[in-house]
>>> print(open('start_4.cif').read())   # mmCIF, C-alpha atoms; chains and numbers go by the auth columns
data_entry
loop_
_atom_site.group_PDB
_atom_site.id
_atom_site.type_symbol
_atom_site.label_atom_id
_atom_site.label_comp_id
_atom_site.label_asym_id
_atom_site.label_seq_id
_atom_site.Cartn_x
_atom_site.Cartn_y
_atom_site.Cartn_z
_atom_site.B_iso_or_equiv
_atom_site.auth_seq_id
_atom_site.auth_asym_id
ATOM 1 C CA MET A 1 30.848 -10.988 -31.649 0.00 1 A
ATOM 2 C CA THR A 2 30.765 -9.386 -28.212 0.00 2 A
ATOM 3 C CA PRO A 3 29.214 -11.214 -25.269 0.00 3 A
ATOM 4 C CA SER A 4 25.768 -10.026 -24.315 0.00 4 A
ATOM 5 C CA THR A 5 24.723 -8.907 -20.870 0.00 5 A
ATOM 6 C CA PRO A 6 21.786 -10.478 -19.007 0.00 6 A
ATOM 7 C CA GLN A 7 19.785 -7.281 -19.626 0.00 7 A
ATOM 8 C CA GLU A 8 20.303 -7.585 -23.365 0.00 8 A
ATOM 9 C CA ASP A 9 19.343 -11.273 -23.328 0.00 9 A
ATOM 10 C CA ALA A 10 15.997 -10.396 -21.740 0.00 10 A
ATOM 11 C CA TYR A 11 15.016 -8.568 -24.957 0.00 11 A
ATOM 12 C CA PRO A 12 15.889 -10.712 -28.014 0.00 12 A
ATOM 13 C CA ALA A 13 17.294 -8.880 -31.007 0.00 13 A
ATOM 14 C CA ILE A 14 15.167 -8.274 -34.071 0.00 14 A
ATOM 15 C CA PRO A 15 16.887 -9.957 -37.042 0.00 15 A
ATOM 16 C CA GLY A 16 18.603 -7.354 -39.200 0.00 16 A
ATOM 17 C CA ALA A 17 17.904 -4.450 -36.855 0.00 17 A
ATOM 18 C CA LEU A 18 21.005 -2.349 -36.228 0.00 18 A
ATOM 19 C CA ALA A 19 23.089 -5.094 -37.823 0.00 19 A
ATOM 20 C CA SER A 20 25.338 -2.585 -39.548 0.00 20 A
ATOM 21 C CA ALA A 21 25.443 -0.059 -36.717 0.00 21 A
ATOM 22 C CA PRO A 22 28.837 0.035 -35.017 0.00 22 A
ATOM 23 C CA ARG A 23 28.933 -0.686 -31.294 0.00 23 A
ATOM 24 C CA THR A 24 29.715 2.323 -29.175 0.00 24 A
ATOM 25 C CA SER A 25 31.110 2.495 -25.689 0.00 25 A
ATOM 26 C CA THR A 26 27.542 3.048 -24.383 0.00 26 A
ATOM 27 C CA PRO A 27 25.353 0.255 -25.782 0.00 27 A
ATOM 28 C CA HIS A 28 21.795 1.139 -26.779 0.00 28 A
ATOM 29 C CA ARG A 29 19.281 -0.432 -24.415 0.00 29 A
ATOM 30 C CA SER A 30 15.849 -1.415 -25.565 0.00 30 A
ATOM 31 C CA ARG A 31 14.436 -0.656 -22.128 0.00 31 A
ATOM 32 C CA ARG A 32 14.465 2.670 -20.362 0.00 32 A
ATOM 33 C CA GLN A 33 17.188 3.610 -17.931 0.00 33 A
ATOM 34 C CA GLU A 34 16.448 2.521 -14.370 0.00 34 A
ATOM 35 C CA SER A 35 15.416 5.451 -12.140 0.00 35 A
ATOM 36 C CA ASN A 36 17.572 6.506 -9.195 0.00 36 A
ATOM 37 C CA LEU A 37 14.791 5.404 -6.840 0.00 37 A
ATOM 38 C CA VAL A 38 14.687 1.888 -8.337 0.00 38 A
ATOM 39 C CA ALA A 39 18.483 1.649 -8.309 0.00 39 A
ATOM 40 C CA HIS A 40 18.438 2.646 -4.628 0.00 40 A
ATOM 41 C CA ALA A 41 15.749 0.052 -3.833 0.00 41 A
ATOM 42 C CA ARG A 42 17.616 -2.681 -5.727 0.00 42 A
ATOM 43 C CA ARG A 43 20.887 -1.879 -3.918 0.00 43 A
ATOM 44 C CA GLU A 44 19.234 -1.811 -0.466 0.00 44 A
ATOM 45 C CA LEU A 45 17.327 -5.050 -1.060 0.00 45 A
ATOM 46 C CA ARG A 46 20.518 -6.782 -2.203 0.00 46 A
ATOM 47 C CA LEU A 47 22.295 -5.594 0.956 0.00 47 A
ATOM 48 C CA LEU A 48 19.511 -7.227 2.981 0.00 48 A
ATOM 49 C CA GLY A 49 20.129 -10.464 1.097 0.00 49 A
ATOM 50 C CA GLU A 50 16.673 -10.607 -0.493 0.00 50 A
ATOM 51 C CA ASP A 51 16.163 -13.178 -3.226 0.00 51 A
ATOM 52 C CA GLN A 52 15.956 -12.106 -6.875 0.00 52 A
ATOM 53 C CA ASP A 53 12.188 -12.683 -7.160 0.00 53 A
ATOM 54 C CA THR A 54 11.516 -10.424 -4.169 0.00 54 A
ATOM 55 C CA ILE A 55 13.890 -7.767 -5.494 0.00 55 A
ATOM 56 C CA ARG A 56 12.292 -7.904 -8.951 0.00 56 A
ATOM 57 C CA GLY A 57 8.764 -7.660 -7.530 0.00 57 A
ATOM 58 C CA LEU A 58 9.493 -4.815 -5.138 0.00 58 A
ATOM 59 C CA CYS A 59 11.425 -2.917 -7.804 0.00 59 A
ATOM 60 C CA LYS A 60 8.350 -3.116 -10.069 0.00 60 A
ATOM 61 C CA VAL A 61 6.312 -1.457 -7.317 0.00 61 A
ATOM 62 C CA VAL A 62 9.003 1.187 -6.775 0.00 62 A
ATOM 63 C CA GLN A 63 9.156 1.808 -10.542 0.00 63 A
ATOM 64 C CA ALA A 64 5.360 2.244 -10.684 0.00 64 A
ATOM 65 C CA PHE A 65 5.662 4.787 -7.873 0.00 65 A
ATOM 66 C CA ALA A 66 8.519 6.562 -9.666 0.00 66 A
ATOM 67 C CA ASP A 67 6.477 6.625 -12.896 0.00 67 A
ATOM 68 C CA MET A 68 3.816 8.690 -11.137 0.00 68 A
ATOM 69 C CA GLY A 69 6.188 11.656 -11.429 0.00 69 A
ATOM 70 C CA HIS A 70 5.894 13.021 -7.906 0.00 70 A
ATOM 71 C CA SER A 71 7.888 15.978 -6.698 0.00 71 A
ATOM 72 C CA GLY A 72 9.501 15.902 -3.259 0.00 72 A
ATOM 73 C CA SER A 73 6.479 16.870 -1.169 0.00 73 A
ATOM 74 C CA SER A 74 3.857 15.012 -3.195 0.00 74 A
ATOM 75 C CA ALA A 75 6.001 11.850 -3.051 0.00 75 A
ATOM 76 C CA HIS A 76 6.076 12.141 0.731 0.00 76 A
ATOM 77 C CA PHE A 77 2.282 12.246 0.987 0.00 77 A
ATOM 78 C CA ALA A 78 1.743 9.558 -1.647 0.00 78 A
ATOM 79 C CA ALA A 79 4.200 7.264 0.182 0.00 79 A
ATOM 80 C CA GLN A 80 2.336 7.828 3.456 0.00 80 A
ATOM 81 C CA HIS A 81 -0.976 6.938 1.799 0.00 81 A
ATOM 82 C CA LEU A 82 0.535 3.904 0.093 0.00 82 A
ATOM 83 C CA GLU A 83 2.065 2.654 3.344 0.00 83 A
ATOM 84 C CA ARG A 84 -1.308 2.883 5.125 0.00 84 A
ATOM 85 C CA LEU A 85 -3.155 1.223 2.248 0.00 85 A
ATOM 86 C CA LEU A 86 -0.682 -1.662 2.102 0.00 86 A
ATOM 87 C CA ARG A 87 -1.256 -2.229 5.836 0.00 87 A
ATOM 88 C CA PHE A 88 -5.066 -2.211 5.398 0.00 88 A
ATOM 89 C CA LYS A 89 -5.335 1.043 7.384 0.00 89 A
ATOM 90 C CA PRO A 90 -7.968 3.710 6.668 0.00 90 A
ATOM 91 C CA LEU A 91 -6.933 7.051 5.200 0.00 91 A
ATOM 92 C CA SER A 92 -9.606 9.018 7.054 0.00 92 A
ATOM 93 C CA ASP A 93 -11.456 8.837 10.354 0.00 93 A
ATOM 94 C CA LEU A 94 -13.877 5.999 10.928 0.00 94 A
ATOM 95 C CA THR A 95 -17.515 7.009 10.854 0.00 95 A
ATOM 96 C CA ASP A 96 -20.649 5.598 12.423 0.00 96 A
ATOM 97 C CA ASN A 97 -21.984 4.672 8.979 0.00 97 A
ATOM 98 C CA PRO A 98 -23.595 1.232 9.435 0.00 98 A
ATOM 99 C CA ALA A 99 -22.092 0.171 6.089 0.00 99 A
ATOM 100 C CA GLU A 100 -18.620 0.513 7.658 0.00 100 A
ATOM 101 C CA TRP A 101 -19.367 -1.923 10.503 0.00 101 A
ATOM 102 C CA ILE A 102 -19.796 -5.702 10.366 0.00 102 A
ATOM 103 C CA ASP A 103 -22.224 -7.129 12.938 0.00 103 A
ATOM 104 C CA ARG A 104 -20.287 -10.115 14.272 0.00 104 A
ATOM 105 C CA HIS A 105 -23.062 -10.963 16.774 0.00 105 A
ATOM 106 C CA ALA A 106 -25.625 -11.293 13.958 0.00 106 A
ATOM 107 C CA GLU A 107 -23.193 -13.663 12.218 0.00 107 A
ATOM 108 C CA GLY A 108 -23.170 -15.816 15.356 0.00 108 A
ATOM 109 C CA MET A 109 -19.502 -15.139 16.039 0.00 109 A
ATOM 110 C CA THR A 110 -19.970 -13.484 19.453 0.00 110 A
ATOM 111 C CA PRO A 111 -22.422 -14.069 22.314 0.00 111 A
ATOM 112 C CA THR A 112 -22.948 -10.313 22.833 0.00 112 A
ATOM 113 C CA PRO A 113 -23.376 -7.392 20.402 0.00 113 A
ATOM 114 C CA LEU A 114 -20.055 -6.622 18.714 0.00 114 A
ATOM 115 C CA TRP A 115 -19.271 -4.819 15.466 0.00 115 A
ATOM 116 C CA GLN A 116 -15.951 -4.859 13.610 0.00 116 A
ATOM 117 C CA SER A 117 -14.895 -2.065 11.297 0.00 117 A
ATOM 118 C CA ALA A 118 -14.801 -3.011 7.625 0.00 118 A
ATOM 119 C CA ARG A 119 -12.184 -0.272 7.139 0.00 119 A
ATOM 120 C CA ASN A 120 -9.908 -1.035 10.095 0.00 120 A
ATOM 121 C CA SER A 121 -9.968 -4.664 11.216 0.00 121 A
ATOM 122 C CA GLU A 122 -8.575 -3.864 14.672 0.00 122 A
ATOM 123 C CA ALA A 123 -11.484 -1.511 15.513 0.00 123 A
ATOM 124 C CA PHE A 124 -14.340 -3.054 17.522 0.00 124 A
ATOM 125 C CA SER A 125 -17.544 -1.460 18.760 0.00 125 A
ATOM 126 C CA THR A 126 -20.321 -2.507 21.137 0.00 126 A
ATOM 127 C CA ASP A 127 -22.693 0.265 20.016 0.00 127 A
ATOM 128 C CA GLY A 128 -22.872 -0.168 16.253 0.00 128 A
ATOM 129 C CA GLY A 129 -19.834 1.964 15.451 0.00 129 A
ATOM 130 C CA LYS A 130 -20.553 5.143 17.415 0.00 130 A
ATOM 131 C CA THR A 131 -17.562 4.425 19.664 0.00 131 A
ATOM 132 C CA TYR A 132 -14.818 1.851 19.288 0.00 132 A
ATOM 133 C CA THR A 133 -11.606 0.448 20.743 0.00 133 A
ATOM 134 C CA LEU A 134 -8.495 -0.727 18.925 0.00 134 A
ATOM 135 C CA LEU A 135 -7.008 -4.161 19.629 0.00 135 A
ATOM 136 C CA SER A 136 -3.443 -2.784 19.572 0.00 136 A
ATOM 137 C CA GLU A 137 -4.341 -0.252 22.277 0.00 137 A
ATOM 138 C CA GLN A 138 -6.100 -2.905 24.338 0.00 138 A
ATOM 139 C CA THR A 139 -2.978 -5.058 24.216 0.00 139 A
ATOM 140 C CA ALA A 140 -0.825 -2.093 25.255 0.00 140 A
ATOM 141 C CA ALA A 141 -3.236 -1.084 28.051 0.00 141 A
ATOM 142 C CA GLY A 142 -3.486 -4.613 29.380 0.00 142 A
ATOM 143 C CA ASP A 143 -7.269 -4.731 29.714 0.00 143 A
ATOM 144 C CA ILE A 144 -10.459 -3.353 28.183 0.00 144 A
ATOM 145 C CA ALA A 145 -11.181 -1.088 31.177 0.00 145 A
ATOM 146 C CA THR A 146 -8.115 1.086 30.526 0.00 146 A
ATOM 147 C CA THR A 147 -8.233 0.921 26.723 0.00 147 A
ATOM 148 C CA PRO A 148 -8.904 4.310 25.099 0.00 148 A
ATOM 149 C CA LEU A 149 -12.401 4.725 23.677 0.00 149 A
ATOM 150 C CA HIS A 150 -12.588 6.459 20.288 0.00 150 A
ATOM 151 C CA HIS A 151 -15.597 8.312 18.910 0.00 151 A
ATOM 152 C CA SER A 152 -16.488 7.793 15.259 0.00 152 A
ATOM 153 C CA LYS A 153 -17.261 10.783 13.099 0.00 153 A
ATOM 154 C CA PRO A 154 -20.954 11.139 12.359 0.00 154 A
ATOM 155 C CA HIS A 155 -21.897 9.702 9.008 0.00 155 A
ATOM 156 C CA LEU A 156 -23.302 12.370 6.731 0.00 156 A
ATOM 157 C CA PRO A 157 -25.278 10.810 3.872 0.00 157 A
ATOM 158 C CA VAL A 158 -24.275 12.173 0.484 0.00 158 A
ATOM 159 C CA ASP A 159 -27.040 14.098 -1.244 0.00 159 A
ATOM 160 C CA THR A 160 -26.772 12.599 -4.733 0.00 160 A
ATOM 161 C CA GLU A 161 -29.025 15.280 -6.248 0.00 161 A
ATOM 162 C CA SER A 162 -26.863 18.235 -5.145 0.00 162 A
ATOM 163 C CA ALA A 163 -23.668 16.355 -6.051 0.00 163 A
ATOM 164 C CA ARG A 164 -24.660 16.411 -9.730 0.00 164 A
#
>>> encode(input="start_4.cif", output="structure tokens")
Amino acid sequence: MTPSTPQEDAYPAIPGALASAPRTSTPHRSRRQESNLVAHARRELRLLGEDQDTIRGLCKVVQAFADMGHSGSSAHFAAQHLERLLRFKPLSDLTDNPAEWIDRHAEGMTPTPLWQSARNSEAFSTDGGKTYTLLSEQTAAGDIATTPLHHSKPHLPVDTESAR
């Protein structure tokens, strides 16, 4: 009897299955071959010294991405979207849609009118979302007076009748 590898132990043998089949130099694996992208991720994470649970979890995410079957350029754009989503960043411009802004003053959290974006938690507005500042830019500028002011895109209500 030949010793089993940890990968083989993860999938117990079915009694009698392939019992008479001779072993070859390339053993049959009950799971699919790991993609080059997952192998790369696993190698890089090991070099960082990540623990096995972290490596396993991140490799599952990388495998799910690889399973999407992207080509070179579509993978680039999908990775950019995924990176922004994982950081709770919006994928499109903020709008002045009242549904996108949380009234922190009405909640009793601030003494003066202040809205926070539901789509980008670092965006704050004093005019209901028409204009806003970003906390990261305020920190970089040093004060609110020199912080860039952004203008939200106008919210255009969707005409549900014409969309049908």
>>> atom_distance(input="start_4.cif", atom1="atom CA of His40 of chain A", atom2="atom CA of Ala79 of chain A")
15.7 Å
>>> closest_atom_pairs(input="start_4.cif", of="segment 35-93 of chain A", to="segment 113-128 of chain A", cutoff="12 Å", atoms="only C-alpha atoms", output="JSON lines")
{"residue": "A:Arg84", "atom": "CA", "partner": "A:Asn120", "partner_atom": "CA", "distance": 10.7}
{"residue": "A:Leu85", "atom": "CA", "partner": "A:Arg119", "partner_atom": "CA", "distance": 10.4}
{"residue": "A:Arg87", "atom": "CA", "partner": "A:Asn120", "partner_atom": "CA", "distance": 9.7}
{"residue": "A:Phe88", "atom": "CA", "partner": "A:Asn120", "partner_atom": "CA", "distance": 6.8}
{"residue": "A:Lys89", "atom": "CA", "partner": "A:Asn120", "partner_atom": "CA", "distance": 5.7}
{"residue": "A:Pro90", "atom": "CA", "partner": "A:Arg119", "partner_atom": "CA", "distance": 5.8}
{"residue": "A:Leu91", "atom": "CA", "partner": "A:Arg119", "partner_atom": "CA", "distance": 9.2}
{"residue": "A:Ser92", "atom": "CA", "partner": "A:Arg119", "partner_atom": "CA", "distance": 9.6}
{"residue": "A:Asp93", "atom": "CA", "partner": "A:Arg119", "partner_atom": "CA", "distance": 9.7}
>>> closest_residue(input="start_4.cif", among="A:Pro157, A:Leu94, A:Glu107, A:Leu45", to="Leu134 of chain A", atoms="all atoms listed in the file")
A:Leu94
>>> atom_distance(input="start_4.cif", atom1="atom CA of Ala64 of chain A", atom2="atom CA of Gln80 of chain A")
15.5 Å
>>> closest_residue(input="start_4.cif", among="A:Arg56, A:Lys130, A:Arg104, A:Arg46", to="His151 of chain A", atoms="only C-alpha atoms")
A:Lys130
>>> closest_residue(input="start_4.cif", among="A:Ala106, A:Leu82, A:Ala41, A:Ala99", to="Gly57 of chain A", atoms="only C-alpha atoms")
A:Ala41
>>> closest_residue(input="start_4.cif", among="A:Ser35, A:Ser136, A:Thr131, A:Ser74", to="Leu149 of chain A", atoms="all atoms listed in the file")
A:Thr131
>>> atom_distance(input="start_4.cif", atom1="atom CA of Ala75 of chain A", atom2="atom CA of Thr54 of chain A")
23.0 Å
>>> closest_residue(input="start_4.cif", among="A:Ala140, A:Ile55, A:Ala66, A:Val61", to="Leu37 of chain A", atoms="all atoms listed in the file")
A:Ala66
